[in-house]
file run-v3.pdb (PDB, C-alpha atoms)
MODEL        1
ATOM      1  CA  MET A  15      64.211  17.613  31.679  1.00  0.00           C
ATOM      2  CA  SER A  16      66.917  19.313  29.659  1.00  0.00           C
ATOM      3  CA  ARG A  17      66.520  20.177  25.996  1.00  0.00           C
ATOM      4  CA  ILE A  18      69.031  17.496  25.024  1.00  0.00           C
ATOM      5  CA  GLY A  19      67.141  14.896  27.084  1.00  0.00           C
ATOM      6  CA  LEU A  20      63.854  15.934  25.471  1.00  0.00           C
ATOM      7  CA  LEU A  21      65.429  15.809  22.009  1.00  0.00           C
ATOM      8  CA  LEU A  22      66.836  12.318  22.651  1.00  0.00           C
ATOM      9  CA  ALA A  23      63.439  11.130  23.918  1.00  0.00           C
ATOM     10  CA  LEU A  24      61.698  12.443  20.793  1.00  0.00           C
ATOM     11  CA  VAL A  25      64.294  10.861  18.489  1.00  0.00           C
ATOM     12  CA  GLY A  26      63.929   7.566  20.345  1.00  0.00           C
ATOM     13  CA  LEU A  27      60.141   7.633  20.031  1.00  0.00           C
ATOM     14  CA  SER A  28      60.314   8.498  16.347  1.00  0.00           C
ATOM     15  CA  MET A  29      62.634   5.535  15.706  1.00  0.00           C
ATOM     16  CA  ALA A  30      60.450   2.962  17.506  1.00  0.00           C
ATOM     17  CA  PRO A  31      58.120   2.316  14.512  1.00  0.00           C
ATOM     18  CA  ALA A  32      61.103   1.908  12.181  1.00  0.00           C
ATOM     19  CA  LEU A  33      62.751  -0.558  14.538  1.00  0.00           C
ATOM     20  CA  ALA A  34      59.510  -2.512  14.848  1.00  0.00           C
ATOM     21  CA  GLN A  35      59.263  -2.770  11.069  1.00  0.00           C
ATOM     22  CA  THR A  36      62.779  -4.191  10.728  1.00  0.00           C
ATOM     23  CA  ARG A  37      62.070  -7.122  13.041  1.00  0.00           C
ATOM     24  CA  ALA A  38      61.227 -10.398  11.360  1.00  0.00           C
ATOM     25  CA  PRO A  39      57.512 -11.170  11.443  1.00  0.00           C
ATOM     26  CA  ARG A  40      56.384 -13.760  13.956  1.00  0.00           C
ATOM     27  CA  CYS A  41      55.202 -16.656  11.828  1.00  0.00           C
ATOM     28  CA  LEU A  42      52.189 -18.683  12.988  1.00  0.00           C
ATOM     29  CA  HIS A  43      53.621 -21.896  11.581  1.00  0.00           C
ATOM     30  CA  GLY A  44      57.042 -23.071  12.634  1.00  0.00           C
ATOM     31  CA  GLY A  45      58.889 -23.686  15.858  1.00  0.00           C
ATOM     32  CA  ASN A  46      56.380 -21.861  18.067  1.00  0.00           C
ATOM     33  CA  GLU A  47      53.260 -23.110  16.268  1.00  0.00           C
ATOM     34  CA  THR A  48      50.295 -23.551  18.613  1.00  0.00           C
ATOM     35  CA  GLU A  49      48.068 -26.615  18.471  1.00  0.00           C
ATOM     36  CA  VAL A  50      45.252 -24.545  16.948  1.00  0.00           C
ATOM     37  CA  GLN A  51      47.535 -23.212  14.196  1.00  0.00           C
ATOM     38  CA  ALA A  52      48.912 -26.706  13.557  1.00  0.00           C
ATOM     39  CA  GLN A  53      45.347 -27.982  13.107  1.00  0.00           C
ATOM     40  CA  ARG A  54      44.586 -25.146  10.658  1.00  0.00           C
ATOM     41  CA  ARG A  55      47.789 -25.913   8.715  1.00  0.00           C
ATOM     42  CA  VAL A  56      47.057 -29.648   8.518  1.00  0.00           C
ATOM     43  CA  GLN A  57      43.464 -28.949   7.478  1.00  0.00           C
ATOM     44  CA  ALA A  58      44.644 -26.657   4.650  1.00  0.00           C
ATOM     45  CA  LEU A  59      47.186 -29.271   3.560  1.00  0.00           C
ATOM     46  CA  ASP A  60      44.452 -31.928   3.569  1.00  0.00           C
ATOM     47  CA  ALA A  61      42.212 -29.577   1.559  1.00  0.00           C
ATOM     48  CA  ALA A  62      44.949 -29.082  -1.056  1.00  0.00           C
ATOM     49  CA  ASP A  63      45.398 -32.844  -1.285  1.00  0.00           C
ATOM     50  CA  LEU A  64      41.633 -33.292  -1.610  1.00  0.00           C
ATOM     51  CA  ILE A  65      41.409 -30.734  -4.430  1.00  0.00           C
ATOM     52  CA  ASN A  66      44.086 -32.650  -6.344  1.00  0.00           C
ATOM     53  CA  ARG A  67      42.317 -35.951  -5.678  1.00  0.00           C
ATOM     54  CA  LEU A  68      38.964 -34.648  -6.912  1.00  0.00           C
ATOM     55  CA  ILE A  69      40.402 -33.090 -10.056  1.00  0.00           C
ATOM     56  CA  ASP A  70      42.368 -36.255 -10.795  1.00  0.00           C
ATOM     57  CA  ARG A  71      39.112 -38.237 -10.728  1.00  0.00           C
ATOM     58  CA  ARG A  72      37.361 -36.076 -13.312  1.00  0.00           C
ATOM     59  CA  PRO A  73      36.308 -37.869 -16.519  1.00  0.00           C
ATOM     60  CA  ARG A  74      39.286 -38.399 -18.833  1.00  0.00           C
ATOM     61  CA  ASN A  75      39.593 -36.105 -21.831  1.00  0.00           C
ATOM     62  CA  SER A  76      37.447 -33.502 -20.091  1.00  0.00           C
ATOM     63  CA  VAL A  77      38.561 -29.944 -19.408  1.00  0.00           C
ATOM     64  CA  TYR A  78      39.843 -29.010 -15.998  1.00  0.00           C
ATOM     65  CA  PRO A  79      37.017 -27.458 -13.985  1.00  0.00           C
ATOM     66  CA  THR A  80      36.961 -23.905 -12.694  1.00  0.00           C
ATOM     67  CA  TRP A  81      36.981 -23.502  -8.925  1.00  0.00           C
ATOM     68  CA  GLU A  82      33.246 -22.779  -8.973  1.00  0.00           C
ATOM     69  CA  ALA A  83      32.476 -25.733 -11.267  1.00  0.00           C
ATOM     70  CA  LEU A  84      34.523 -28.077  -9.082  1.00  0.00           C
ATOM     71  CA  GLY A  85      32.383 -27.112  -6.095  1.00  0.00           C
ATOM     72  CA  LYS A  86      29.205 -27.918  -8.037  1.00  0.00           C
ATOM     73  CA  SER A  87      30.556 -31.180  -9.454  1.00  0.00           C
ATOM     74  CA  GLU A  88      29.195 -34.669  -8.859  1.00  0.00           C
ATOM     75  CA  MET A  89      32.568 -35.610  -7.388  1.00  0.00           C
ATOM     76  CA  VAL A  90      32.241 -33.070  -4.572  1.00  0.00           C
ATOM     77  CA  ALA A  91      28.587 -34.025  -4.074  1.00  0.00           C
ATOM     78  CA  SER A  92      29.537 -37.689  -3.648  1.00  0.00           C
ATOM     79  CA  TYR A  93      32.280 -36.819  -1.136  1.00  0.00           C
ATOM     80  CA  ARG A  94      29.817 -34.713   0.872  1.00  0.00           C
ATOM     81  CA  GLY A  95      27.938 -37.909   1.665  1.00  0.00           C
ATOM     82  CA  MET A  96      31.018 -39.628   3.051  1.00  0.00           C
ATOM     83  CA  ALA A  97      31.409 -40.313   6.738  1.00  0.00           C
ATOM     84  CA  GLY A  98      34.649 -39.586   8.524  1.00  0.00           C
ATOM     85  CA  PRO A  99      37.325 -36.898   8.282  1.00  0.00           C
ATOM     86  CA  ARG A 100      37.316 -36.607   4.474  1.00  0.00           C
ATOM     87  CA  GLY A 101      33.558 -36.092   4.339  1.00  0.00           C
ATOM     88  CA  ASP A 102      33.791 -33.607   7.210  1.00  0.00           C
ATOM     89  CA  LEU A 103      36.450 -31.643   5.335  1.00  0.00           C
ATOM     90  CA  VAL A 104      34.432 -31.574   2.097  1.00  0.00           C
ATOM     91  CA  ARG A 105      31.451 -30.243   4.026  1.00  0.00           C
ATOM     92  CA  LYS A 106      33.584 -27.608   5.782  1.00  0.00           C
ATOM     93  CA  ILE A 107      35.144 -26.229   2.583  1.00  0.00           C
ATOM     94  CA  GLU A 108      33.274 -23.313   1.030  1.00  0.00           C
ATOM     95  CA  TRP A 109      33.538 -24.439  -2.582  1.00  0.00           C
ATOM     96  CA  GLY A 110      33.762 -21.578  -5.068  1.00  0.00           C
ATOM     97  CA  ALA A 111      34.555 -19.033  -2.323  1.00  0.00           C
ATOM     98  CA  GLU A 112      37.696 -16.911  -2.150  1.00  0.00           C
ATOM     99  CA  GLN A 113      38.364 -18.318   1.337  1.00  0.00           C
ATOM    100  CA  PRO A 114      37.485 -22.019   1.217  1.00  0.00           C
ATOM    101  CA  LEU A 115      38.630 -22.447   4.832  1.00  0.00           C
ATOM    102  CA  PRO A 116      38.565 -19.673   7.457  1.00  0.00           C
ATOM    103  CA  GLY A 117      41.617 -17.475   6.954  1.00  0.00           C
ATOM    104  CA  TRP A 118      42.894 -19.367   3.890  1.00  0.00           C
ATOM    105  CA  GLN A 119      42.698 -17.684   0.487  1.00  0.00           C
ATOM    106  CA  ILE A 120      42.691 -19.712  -2.718  1.00  0.00           C
ATOM    107  CA  HIS A 121      44.122 -18.652  -6.057  1.00  0.00           C
ATOM    108  CA  TYR A 122      42.916 -21.133  -8.677  1.00  0.00           C
ATOM    109  CA  VAL A 123      43.369 -21.188 -12.430  1.00  0.00           C
ATOM    110  CA  ALA A 124      42.273 -23.849 -14.889  1.00  0.00           C
ATOM    111  CA  ALA A 125      42.747 -24.218 -18.620  1.00  0.00           C
ATOM    112  CA  GLN A 126      42.361 -27.076 -21.058  1.00  0.00           C
ATOM    113  CA  GLU A 127      46.005 -28.099 -20.608  1.00  0.00           C
ATOM    114  CA  GLY A 128      46.178 -27.946 -16.834  1.00  0.00           C
ATOM    115  CA  TYR A 129      45.361 -26.267 -13.538  1.00  0.00           C
ATOM    116  CA  ALA A 130      47.202 -24.656 -10.656  1.00  0.00           C
ATOM    117  CA  PHE A 131      46.153 -23.391  -7.266  1.00  0.00           C
ATOM    118  CA  SER A 132      47.540 -22.071  -4.032  1.00  0.00           C
ATOM    119  CA  LEU A 133      46.134 -21.815  -0.518  1.00  0.00           C
ATOM    120  CA  THR A 134      47.629 -18.967   1.523  1.00  0.00           C
ATOM    121  CA  ASP A 135      47.169 -18.381   5.245  1.00  0.00           C
ATOM    122  CA  LEU A 136      45.945 -14.782   5.483  1.00  0.00           C
ATOM    123  CA  ARG A 137      46.374 -14.783   9.286  1.00  0.00           C
ATOM    124  CA  ASP A 138      50.066 -15.687   9.100  1.00  0.00           C
ATOM    125  CA  PRO A 139      52.459 -12.718   8.806  1.00  0.00           C
ATOM    126  CA  CYS A 140      54.765 -15.085   6.880  1.00  0.00           C
ATOM    127  CA  SER A 141      51.952 -16.071   4.458  1.00  0.00           C
ATOM    128  CA  LEU A 142      52.400 -19.846   4.614  1.00  0.00           C
ATOM    129  CA  THR A 143      51.237 -21.188   1.251  1.00  0.00           C
ATOM    130  CA  PHE A 144      50.507 -24.609  -0.173  1.00  0.00           C
ATOM    131  CA  ALA A 145      50.500 -24.840  -3.961  1.00  0.00           C
ATOM    132  CA  SER A 146      49.893 -27.532  -6.534  1.00  0.00           C
ATOM    133  CA  ASN A 147      49.092 -28.072 -10.181  1.00  0.00           C
ATOM    134  CA  ASP A 148      48.118 -30.803 -12.624  1.00  0.00           C
ATOM    135  CA  THR A 149      51.279 -32.775 -11.808  1.00  0.00           C
ATOM    136  CA  GLY A 150      49.752 -33.462  -8.390  1.00  0.00           C
ATOM    137  CA  MET A 151      52.911 -32.309  -6.617  1.00  0.00           C
ATOM    138  CA  LEU A 152      52.107 -30.329  -3.478  1.00  0.00           C
ATOM    139  CA  ILE A 153      54.644 -27.761  -2.297  1.00  0.00           C
ATOM    140  CA  GLN A 154      54.921 -25.443   0.686  1.00  0.00           C
ATOM    141  CA  GLY A 155      56.080 -21.907   0.122  1.00  0.00           C
ATOM    142  CA  ARG A 156      56.600 -18.484   1.590  1.00  0.00           C
ATOM    143  CA  PRO A 157      56.983 -15.022   0.022  1.00  0.00           C
ATOM    144  CA  ALA A 158      60.275 -14.332  -1.708  1.00  0.00           C
ATOM    145  CA  ASP A 159      62.819 -12.374   0.342  1.00  0.00           C
ATOM    146  CA  ARG A 160      63.394  -9.334  -1.835  1.00  0.00           C
ATOM    147  CA  ARG A 161      65.569  -7.607   0.787  1.00  0.00           C
ATOM    148  CA  GLY A 162      68.515  -9.992   0.829  1.00  0.00           C
ATOM    149  CA  PRO A 163      71.235 -10.663  -1.701  1.00  0.00           C
ATOM    150  CA  VAL A 164      70.311 -12.406  -4.935  1.00  0.00           C
ATOM    151  CA  ARG A 165      71.868 -15.832  -5.408  1.00  0.00           C
ATOM    152  CA  VAL A 166      71.997 -17.984  -8.508  1.00  0.00           C
ATOM    153  CA  ILE A 167      72.270 -21.723  -7.962  1.00  0.00           C
ATOM    154  CA  PRO A 168      73.121 -23.719 -11.096  1.00  0.00           C
ATOM    155  CA  LEU A 169      70.676 -26.497 -11.949  1.00  0.00           C
ATOM    156  CA  ASP A 170      73.421 -29.119 -11.757  1.00  0.00           C
ATOM    157  CA  SER A 171      74.525 -27.937  -8.319  1.00  0.00           C
ATOM    158  CA  THR A 172      74.215 -30.150  -5.272  1.00  0.00           C
ATOM    159  CA  HIS A 173      74.715 -27.224  -2.895  1.00  0.00           C
TER     160      HIS A 173
ENDMDL
END

call {"tool": "encode", "arguments": {"input": "run-v3.pdb", "output": "structure tokens"}}
result
Amino acid sequence: MSRIGLLLALVGLSMAPALAQTRAPRCLHGGNETEVQAQRRVQALDAADLINRLIDRRPRNSVYPTWEALGKSEMVASYRGMAGPRGDLVRKIEWGAEQPLPGWQIHYVAAQEGYAFSLTDLRDPCSLTFASNDTGMLIQGRPADRRGPVRVIPLDSTH
């Protein structure tokens, strides 16, 4: 092999990691989602809905519970005794743990005025996240794209 050929081969090999890093990550949830990943996604979505439901049923005029206190609450204990999918889910969730479902990390904050939480899929390179707060609205998110151009969309815009 000539020196130029060897040099080109070395340059090509040194560029391979950089090219691999510029490719978009292969998301677990989306067009190519497997049945197993779809089940994990639906289970996390159901868990987020359940967390909202349990917190909404706390005694009125009481403070919002911490994640650990919610897991030890009478509400969770009563749901554990339920038959069916909801009871199964309550029993599967590791209440008070950083990963309430396998591969899903929770970030939970509670104060007297409200609460907010997110469930993020740690196995997904695109970090699929479900988030909610004391409004009960559940949203799906992904990390912000900090590489692209910044756009400002006016609040009164329909575009």

call {"tool": "residues_around", "arguments": {"input": "run-v3.pdb", "residues": "Trp118 in chain A", "least_positions_apart": "6", "cutoff": "10 Å", "atoms": "all atoms listed in the file", "output": "count of residues only"}}
result
14

call {"tool": "residues_around", "arguments": {"input": "run-v3.pdb", "residues": "Asn66 in chain A", "least_positions_apart": "5", "cutoff": "8 Å", "atoms": "only C-alpha atoms", "output": "PyMOL selection string"}}
result
chain A and resi 146-148+150

call {"tool": "resolve_selection", "arguments": {"input": "run-v3.pdb", "expression": "the PyMOL selection byres ((chain A and resi 149) around 12)", "output": "PyMOL selection string"}}
result
chain A and resi 66-67+69-70+127-131+145-148+150-153

call {"tool": "closest_residue", "arguments": {"input": "run-v3.pdb", "among": "A:Gly98, A:Pro116, A:Gly110, A:Pro73", "to": "Gln51 in chain A", "atoms": "all atoms listed in the file"}}
result
A:Pro116

call {"tool": "closest_residue", "arguments": {"input": "run-v3.pdb", "among": "A:Gln119, A:Gln126, A:Gly155, A:Thr48", "to": "Arg74 in chain A", "atoms": "all atoms listed in the file"}}
result
A:Gln126

call {"tool": "residues_around", "arguments": {"input": "run-v3.pdb", "residues": "Val104 in chain A", "least_positions_apart": "3", "cutoff": "7 Å", "atoms": "only C-alpha atoms", "output": "list in words"}}
result
Tyr93, Arg94, Arg100, Gly101 and Ile107 of chain A

call {"tool": "atom_distance", "arguments": {"input": "run-v3.pdb", "atom1": "CA of Ala83 in chain A", "atom2": "CA of Ala124 in chain A"}}
result
10.6 Å

call {"tool": "atom_distance", "arguments": {"input": "run-v3.pdb", "atom1": "CA of Ser87 in chain A", "atom2": "CA of Leu68 in chain A"}}
result
9.4 Å

call {"tool": "closest_residue", "arguments": {"input": "run-v3.pdb", "among": "A:Val90, A:Cys140, A:Leu64, A:Val77", "to": "His43 in chain A", "atoms": "only C-alpha atoms"}}
result
A:Cys140

call {"tool": "closest_residue", "arguments": {"input": "run-v3.pdb", "among": "A:Pro139, A:Pro114, A:Gly45, A:Pro157", "to": "Glu82 in chain A", "atoms": "all atoms listed in the file"}}
result
A:Pro114

call {"tool": "closest_residue", "arguments": {"input": "run-v3.pdb", "among": "A:Asp60, A:Arg156, A:Glu108, A:His121", "to": "Gly85 in chain A", "atoms": "only C-alpha atoms"}}
result
A:Glu108

call {"tool": "atom_distance", "arguments": {"input": "run-v3.pdb", "atom1": "CA of Thr80 in chain A", "atom2": "CA of Lys106 in chain A"}}
result
19.1 Å

call {"tool": "closest_residue", "arguments": {"input": "run-v3.pdb", "among": "A:Ile120, A:Ala125, A:Met89, A:Ala61", "to": "Asp102 in chain A", "atoms": "all atoms listed in the file"}}
result
A:Ala61
